[in-house]
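So the structure is just underneath, and the comments pick up after that.
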Amino acid sequence: MIGLPSLEALDHSASTRIWLAAQPADMRCGFDRLAELAQVVTNQNPMDGHLFLFRSRHGDRLKILLWERDGFILWYKRLEEGVFKMPRFEGDAKSVELRASELAMLLDGIDLRSVRRVKRFSRKKQTV
């Protein structure tokens, strides 16, 4: 069985970004239509190895599109009960970038709107 990349693998991969489309997508869409939609809503190349998330109109289904070396991978999750709790979108944003931990919480049923991020130390990058 092939699973999603581990949270640790995503956290350590600075090049992998996770994009969530703001508007619901038609869950009948396949690889090509979702790749086209990914480019339109994120202005990113869907073949760059990023994860692109699309939710259903009712919020109980989620598709994740990923390009891996020689082709697209598509994960599809349907909840038997409840809905995915999406984060807030700023203004008229077409998409929002998530952290790997936020993706894990989303898939685990945690309401991202109620999660509060506390202040953490961050080393500033030195410019040369």
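If you're wondering about the labels, chains in the structure tokens are A, B, ... by order shown, residues count from 1 in each chain, ligands from 1 in order shown.
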query: Just asking: which residues within range 71-127 of chain A are strand (DSSP E or B) according to DSSP, as a ChimeraX atom specification?
result: /A:71-78,95-98
Give one line per residue of range 27-76 of chain A that approaches range 106-116 of chain A to at most 12 Å, naming the two atoms of the closest pair and their distance in Å to one decimal, counting only C-alpha atoms; sort by chain then ascending residue number and deliver it as a Markdown table.
```
| residue | atom | partner | partner_atom | distance |
| --- | --- | --- | --- | --- |
| A:Leu53 | CA | A:Leu106 | CA | 10.9 |
| A:Arg55 | CA | A:Leu106 | CA | 11.4 |
| A:Gly59 | CA | A:Leu106 | CA | 11.6 |
| A:Asp60 | CA | A:Gly109 | CA | 10.9 |
| A:Arg61 | CA | A:Leu107 | CA | 10.6 |
| A:Leu62 | CA | A:Leu107 | CA | 9.0 |
| A:Lys63 | CA | A:Leu107 | CA | 11.2 |
| A:Ile64 | CA | A:Leu107 | CA | 11.1 |
| A:Trp75 | CA | A:Leu107 | CA | 12.0 |
| A:Tyr76 | CA | A:Leu107 | CA | 11.4 |
```
Based on the selection just made, write N, CA and C atoms of those residues as a compact mmCIF listing (two decimals), in the first residue's frame.
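Result went into selection.txt, see below:
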```
# COMPACT_ATOMS: atom_id res chain seq x y z
N LEU A 53 -4.34 20.28 -2.39
CA LEU A 53 -5.52 19.74 -1.75
C LEU A 53 -6.78 20.40 -2.28
N ARG A 55 -11.14 20.21 -1.72
CA ARG A 55 -12.24 19.67 -0.92
C ARG A 55 -13.52 19.66 -1.73
N GLY A 59 -17.71 19.27 2.01
CA GLY A 59 -16.61 19.24 2.97
C GLY A 59 -16.29 17.88 3.54
N ASP A 60 -16.92 16.82 3.01
CA ASP A 60 -16.68 15.48 3.56
C ASP A 60 -15.70 14.66 2.70
N ARG A 61 -15.20 15.26 1.63
CA ARG A 61 -14.26 14.57 0.73
C ARG A 61 -13.07 15.48 0.46
N LEU A 62 -11.92 14.83 0.30
CA LEU A 62 -10.70 15.57 0.06
C LEU A 62 -9.84 14.80 -0.94
N LYS A 63 -9.32 15.51 -1.94
CA LYS A 63 -8.39 14.92 -2.90
C LYS A 63 -7.06 15.64 -2.76
N ILE A 64 -5.99 14.85 -2.83
CA ILE A 64 -4.63 15.40 -2.76
C ILE A 64 -3.89 14.95 -4.01
N TRP A 75 -4.65 10.99 -4.05
CA TRP A 75 -5.27 10.38 -2.88
C TRP A 75 -6.67 10.96 -2.74
N TYR A 76 -7.58 10.11 -2.31
CA TYR A 76 -8.97 10.53 -2.18
C TYR A 76 -9.48 10.00 -0.85
```
- prompt: Using only C-alpha atoms, which residue out of A:Gly3, A:Gly71, A:Gly82, A:Pro87 lies closest to Gly49 in chain A?
  reply: A:Gly71
message: Restricting the calculation to only C-alpha atoms: of A:Lys124, A:Lys85, A:Arg99, A:Arg57, which residue gets closest to Arg28 in chain A?
response: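 Closest candidate: A:Arg57.
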message: Give me, as JSON, numbers by chain, the residues of range 10-128 of chain A that a backbone DSSP run labels helix (DSSP H, G or I).
response: {"A": [10, 11, 31, 32, 33, 34, 35, 36, 37, 38, 39, 40, 41, 42, 100, 101, 102, 103, 104, 105, 106, 107]}
- request: For Val40 in chain A, list every protein, DNA or RNA residue within 10 Å, evaluated using only C-alpha atoms, and leave out those in the same chain fewer than 6 positions away; present the list as a list in words.
  value: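 Returned residues: Ala21, Leu34, Pro46, Lys94 and Ser95 of chain A.
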- request: Between A:Val118, A:Met105, A:Leu37, A:Ile18, single out the one closest to Met86 in chain A, counting only C-alpha atoms.
  value: A:Met105
message: Would you compute the distance between CA of Asp48 in chain A and CA of Phe72 in chain A? Give it in Å to one decimal.
response: 10.8 Å
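Of the listed residues A:Gln23, A:Phe52, A:Phe121, A:Val41, the one whose atoms come nearest to Leu74 in chain A is A:Phe52, with distances taken using only C-alpha atoms.
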query: Quick one: of A:His50, A:Lys77, A:His58, A:Arg123, who's nearest to Ala25 in chain A, counting only C-alpha atoms?
result: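 Of A:His50, A:Lys77, A:His58, A:Arg123, the one nearest Ala25 in chain A is A:His58, counting only C-alpha atoms.
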Interatomic distance, CA of Asp92 in chain A to CA of Pro24 in chain A (Å, one decimal):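 Result for CA of Asp92 in chain A versus CA of Pro24 in chain A: 13.9 Å, one decimal.
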- request: Find, counting only C-alpha atoms, the residue in A:Leu20, A:Leu66, A:Cys29, A:Val96 that gets nearest to Met47 in chain A.
  value: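 Using only C-alpha atoms, the shortest distance to Met47 in chain A belongs to A:Leu66.
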